[in-house]
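> This is the structure, below, for whatever I ask next.
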Amino acid sequence: MACSTAMRFLACIVLVLCSATANAQLSATFYNTSCPNLLSTVQAAVKQAVANEKRMGASLLRLHFHDCFVNGCDGSVLLDDSSNITGEKTAVPNNNSARGFDVIDTIKSQVEAVCSGVVSCADILAIAARDSVVELGGPTWTVMLGRRDSRTASLSAANTNIPAPTSNLSSLISSFQAKGLSTKDMVALSGAHTIGQARCTNFRARIYNESNLNAAFATSLKTSCPSTGGDDNLSPLDLVTPTTFDNNYYNNLESQKGLLHSDQQLYNGGSTDSMVTSYSTNQNTFFTDFAAAMVNMGNINPLTGTSGDIRTNCRKPN
């Protein structure tokens, strides 16, 4: 009898754990009934935003990345400072750098108009990132949905968890592994630097001090990034096709034209050289691996079920 009771107790625990695991799973069809027009609404808004400014596609993709790497994909990057919360917008990786918050506000208001109080800001970020890549010529993927929004943010985690542009290869691998992402994921996700721009302050040390850099490339960069001053002057991460999502980022690395120190680390005689070569020679392979890595990144510690909220305003908790 005691054995039977114990077995029933264990079976109950297993069922509870299985239920919790199932509840935590994201789903491609999460909003099919509650907000059937979600995907088309976000897609139209992203299309308009990118048409207005091509750079916005990179900015929206980066917001999703900076959200997921700080305590999971929970919309915390969107929270403004308040009397109760210190947000992440003033963290070193985000300050005077992260942008696109107004576009997310616009998308949120349009989504609220078709299904009020249903869709999280974290999910809007995930969808907008995918749609931005597609608008700029990159691959598509099925976005898993069902995330909920955090009620708080972490300035300290934003300062420590987002890989710095000065990172070396071992640090990059460790940073991604800490989030459950493989080295392959890291190299593929780094390919997002095929679009977007970087501030002079983030690559000055590289172009003035490093030797694994194409000399003509360095000279061209110095005109807009002087040795002192001009910290906020921008240069494209991919000088050749700066607003097209392609595999040219990896071609640049092979030519020692990686803009950031962390970029060139991927092709500098280390363990990831072969991956860079694979992506530089086969764009389809890069696209496939990038799409898979984006799904993996989107799965980092989401709030699901009854955890967190569905924010009414992405900039503040309910």
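Residues are named by chain letter and number: chains run A, B, ... in the order of the structure tokens, numbers start at 1 in each chain, and ligands are numbered from 1 in the order shown.
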Skipping near chain neighbours, those fewer than 5 positions away, what residues fall within 9 Å of Thr281 of chain A using only C-alpha atoms, listed as JSON, numbers by chain?
{"A": [247, 250, 251, 276]}
> Please produce a file of the residues just selected, as a PDB file, in the first residue's frame, where the atoms kept are N, CA and C atoms.

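Just written: selection_21.pdb:
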ATOM      1  N   ASN A 247      25.529  37.488 -47.372  1.00  0.00           N
ATOM      2  CA  ASN A 247      26.668  36.861 -46.702  1.00  0.00           C
ATOM      3  C   ASN A 247      27.958  37.661 -46.864  1.00  0.00           C
ATOM      4  N   TYR A 250      30.862  37.921 -44.155  1.00  0.00           N
ATOM      5  CA  TYR A 250      31.895  36.892 -44.038  1.00  0.00           C
ATOM      6  C   TYR A 250      32.993  37.080 -45.082  1.00  0.00           C
ATOM      7  N   ASN A 251      32.619  37.564 -46.270  1.00  0.00           N
ATOM      8  CA  ASN A 251      33.635  37.907 -47.267  1.00  0.00           C
ATOM      9  C   ASN A 251      34.545  39.005 -46.735  1.00  0.00           C
ATOM     10  N   VAL A 276      33.304  30.633 -41.028  1.00  0.00           N
ATOM     11  CA  VAL A 276      33.263  31.871 -41.814  1.00  0.00           C
ATOM     12  C   VAL A 276      33.425  31.541 -43.291  1.00  0.00           C
TER      13      VAL A 276
END
> Per DSSP on the backbone, what are the strand (DSSP E or B) residues of segment 15-223 of chain A, as a VMD selection string?
chain A and resid 27 145 148 to 149 197 to 199
> So which residues touch Cys121 of chain A within 7 Å, counting only C-alpha atoms, skipping near sequence neighbours fewer than 6 positions away, as number ranges by chain?
A: 75, 149, 311, 314
> Keeping only C-alpha atoms, take the residues you just selected and write them out as a PDB file, in the first residue's frame.

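Final output, again-v8.pdb:
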ATOM      1  CA  GLY A  75      10.641  42.895 -23.558  1.00  0.00           C
ATOM      2  CA  ASP A 149       6.471  40.763 -20.749  1.00  0.00           C
ATOM      3  CA  ARG A 311       1.913  45.207 -21.350  1.00  0.00           C
ATOM      4  CA  CYS A 314       5.708  48.611 -24.091  1.00  0.00           C
TER       5      CYS A 314
END
> At most 9 Å is the cut-off: for each residue in segment 71-176 of chain A with any atom that close to an atom of segment 37-51 of chain A, write down the nearest atom pair and the distance in Å rounded to one decimal, counting only C-alpha atoms, chain first then increasing number, as a Markdown table.

| residue | atom | partner | partner_atom | distance |
| --- | --- | --- | --- | --- |
| A:Val103 | CA | A:Ala49 | CA | 7.0 |
| A:Thr106 | CA | A:Ala45 | CA | 7.8 |
| A:Ile107 | CA | A:Ala45 | CA | 6.1 |
| A:Lys108 | CA | A:Val42 | CA | 8.5 |
| A:Gln110 | CA | A:Thr41 | CA | 7.0 |
| A:Val111 | CA | A:Leu38 | CA | 6.5 |
| A:Val114 | CA | A:Asn37 | CA | 7.1 |
| A:Cys115 | CA | A:Leu38 | CA | 8.1 |
| A:Val119 | CA | A:Leu38 | CA | 8.2 |
| A:Ile124 | CA | A:Val42 | CA | 7.4 |
| A:Ile127 | CA | A:Val42 | CA | 7.1 |
| A:Ala128 | CA | A:Val46 | CA | 6.4 |
| A:Ala129 | CA | A:Val46 | CA | 8.9 |
| A:Asp131 | CA | A:Gln43 | CA | 6.0 |
| A:Ser132 | CA | A:Val46 | CA | 6.4 |
| A:Glu135 | CA | A:Lys47 | CA | 6.5 |
| A:Leu136 | CA | A:Val50 | CA | 8.2 |
> Dump N, CA and C atoms for the selected residues as a PDB file, in the first residue's frame?

ATOM      1  N   VAL A 103       9.219  52.883 -33.308  1.00  0.00           N
ATOM      2  CA  VAL A 103       8.612  51.959 -34.269  1.00  0.00           C
ATOM      3  C   VAL A 103       7.868  50.844 -33.532  1.00  0.00           C
ATOM      4  N   THR A 106       4.632  52.145 -32.353  1.00  0.00           N
ATOM      5  CA  THR A 106       3.661  52.210 -33.447  1.00  0.00           C
ATOM      6  C   THR A 106       3.073  50.842 -33.741  1.00  0.00           C
ATOM      7  N   ILE A 107       3.933  49.832 -33.811  1.00  0.00           N
ATOM      8  CA  ILE A 107       3.456  48.474 -34.073  1.00  0.00           C
ATOM      9  C   ILE A 107       2.530  48.019 -32.952  1.00  0.00           C
ATOM     10  N   LYS A 108       2.910  48.291 -31.708  1.00  0.00           N
ATOM     11  CA  LYS A 108       2.087  47.887 -30.575  1.00  0.00           C
ATOM     12  C   LYS A 108       0.701  48.517 -30.656  1.00  0.00           C
ATOM     13  N   GLN A 110      -0.880  49.514 -33.293  1.00  0.00           N
ATOM     14  CA  GLN A 110      -1.626  48.906 -34.399  1.00  0.00           C
ATOM     15  C   GLN A 110      -2.099  47.500 -34.048  1.00  0.00           C
ATOM     16  N   VAL A 111      -1.274  46.769 -33.311  1.00  0.00           N
ATOM     17  CA  VAL A 111      -1.679  45.434 -32.860  1.00  0.00           C
ATOM     18  C   VAL A 111      -2.816  45.542 -31.835  1.00  0.00           C
ATOM     19  N   VAL A 114      -6.242  45.766 -33.326  1.00  0.00           N
ATOM     20  CA  VAL A 114      -6.886  44.575 -33.893  1.00  0.00           C
ATOM     21  C   VAL A 114      -7.126  43.493 -32.844  1.00  0.00           C
ATOM     22  N   CYS A 115      -6.411  43.542 -31.723  1.00  0.00           N
ATOM     23  CA  CYS A 115      -6.650  42.570 -30.645  1.00  0.00           C
ATOM     24  C   CYS A 115      -6.068  43.134 -29.352  1.00  0.00           C
ATOM     25  N   VAL A 119      -1.357  40.509 -27.199  1.00  0.00           N
ATOM     26  CA  VAL A 119      -0.003  40.219 -27.700  1.00  0.00           C
ATOM     27  C   VAL A 119       1.052  40.960 -26.886  1.00  0.00           C
ATOM     28  N   ILE A 124       6.188  40.906 -30.124  1.00  0.00           N
ATOM     29  CA  ILE A 124       6.255  41.889 -31.202  1.00  0.00           C
ATOM     30  C   ILE A 124       7.713  42.100 -31.625  1.00  0.00           C
ATOM     31  N   ILE A 127       8.798  39.066 -33.778  1.00  0.00           N
ATOM     32  CA  ILE A 127       8.221  39.087 -35.134  1.00  0.00           C
ATOM     33  C   ILE A 127       8.855  40.192 -35.971  1.00  0.00           C
ATOM     34  N   ALA A 128       9.028  41.367 -35.369  1.00  0.00           N
ATOM     35  CA  ALA A 128       9.605  42.505 -36.078  1.00  0.00           C
ATOM     36  C   ALA A 128      11.037  42.223 -36.523  1.00  0.00           C
ATOM     37  N   ALA A 129      11.785  41.481 -35.713  1.00  0.00           N
ATOM     38  CA  ALA A 129      13.158  41.118 -36.082  1.00  0.00           C
ATOM     39  C   ALA A 129      13.153  40.258 -37.337  1.00  0.00           C
ATOM     40  N   ASP A 131      10.738  39.990 -39.623  1.00  0.00           N
ATOM     41  CA  ASP A 131      10.229  40.745 -40.770  1.00  0.00           C
ATOM     42  C   ASP A 131      11.248  41.755 -41.288  1.00  0.00           C
ATOM     43  N   SER A 132      12.079  42.291 -40.400  1.00  0.00           N
ATOM     44  CA  SER A 132      13.124  43.230 -40.803  1.00  0.00           C
ATOM     45  C   SER A 132      14.163  42.542 -41.684  1.00  0.00           C
ATOM     46  N   GLU A 135      12.650  41.918 -45.096  1.00  0.00           N
ATOM     47  CA  GLU A 135      12.537  43.152 -45.881  1.00  0.00           C
ATOM     48  C   GLU A 135      13.862  43.558 -46.516  1.00  0.00           C
ATOM     49  N   LEU A 136      14.967  43.184 -45.874  1.00  0.00           N
ATOM     50  CA  LEU A 136      16.283  43.561 -46.389  1.00  0.00           C
ATOM     51  C   LEU A 136      16.926  42.450 -47.219  1.00  0.00           C
TER      52      LEU A 136
END
> Point out the residue among A:Arg204, A:Lys257, A:Arg55, A:Arg147 with the least atom-to-atom distance to Cys73 of chain A, counting only C-alpha atoms.
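When distances to Cys73 of chain A are compared using only C-alpha atoms, the smallest one comes from A:Arg147.
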> Taking into account only C-alpha atoms, which residue in the set A:Leu303, A:Asn202, A:Leu189, A:Ser278 is nearest to Phe176 of chain A?
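Ranked by minimum distance to Phe176 of chain A, first place goes to A:Leu189.
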> Which neighbours of Ala58 of chain A fall inside 7 Å, counting only C-alpha atoms, when residues of the same chain fewer than 3 positions from it are skipped, and could you give them as a list in words?
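The contact residues come out as Arg55, Leu61, Arg62, Ile195 and Gly196 of chain A.
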> Let's have the selection written as an mmCIF file, in the first residue's frame, with C-alpha atoms.

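Output saved as part-v8.cif:
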data_model
loop_
_atom_site.group_PDB
_atom_site.id
_atom_site.type_symbol
_atom_site.label_atom_id
_atom_site.label_comp_id
_atom_site.auth_asym_id
_atom_site.auth_seq_id
_atom_site.Cartn_x
_atom_site.Cartn_y
_atom_site.Cartn_z
ATOM 1 C CA ARG A 55 18.740 51.255 -41.270
ATOM 2 C CA LEU A 61 16.821 43.115 -35.211
ATOM 3 C CA ARG A 62 19.333 44.412 -32.672
ATOM 4 C CA ILE A 195 23.409 45.285 -41.995
ATOM 5 C CA GLY A 196 23.490 48.245 -39.654
#
> Residues at most 10 Å from Met294 of chain A, counting only C-alpha atoms, excluding those fewer than 6 positions away in the same chain, as a ChimeraX atom specification?
/A:64-65,126,129-130,141-143,185,188-189
> My list of candidates is A:Gly191, A:Gly117, A:Gly57, A:Gly229. Which is closest to Leu266 of chain A when distances are computed with only C-alpha atoms?
A:Gly191
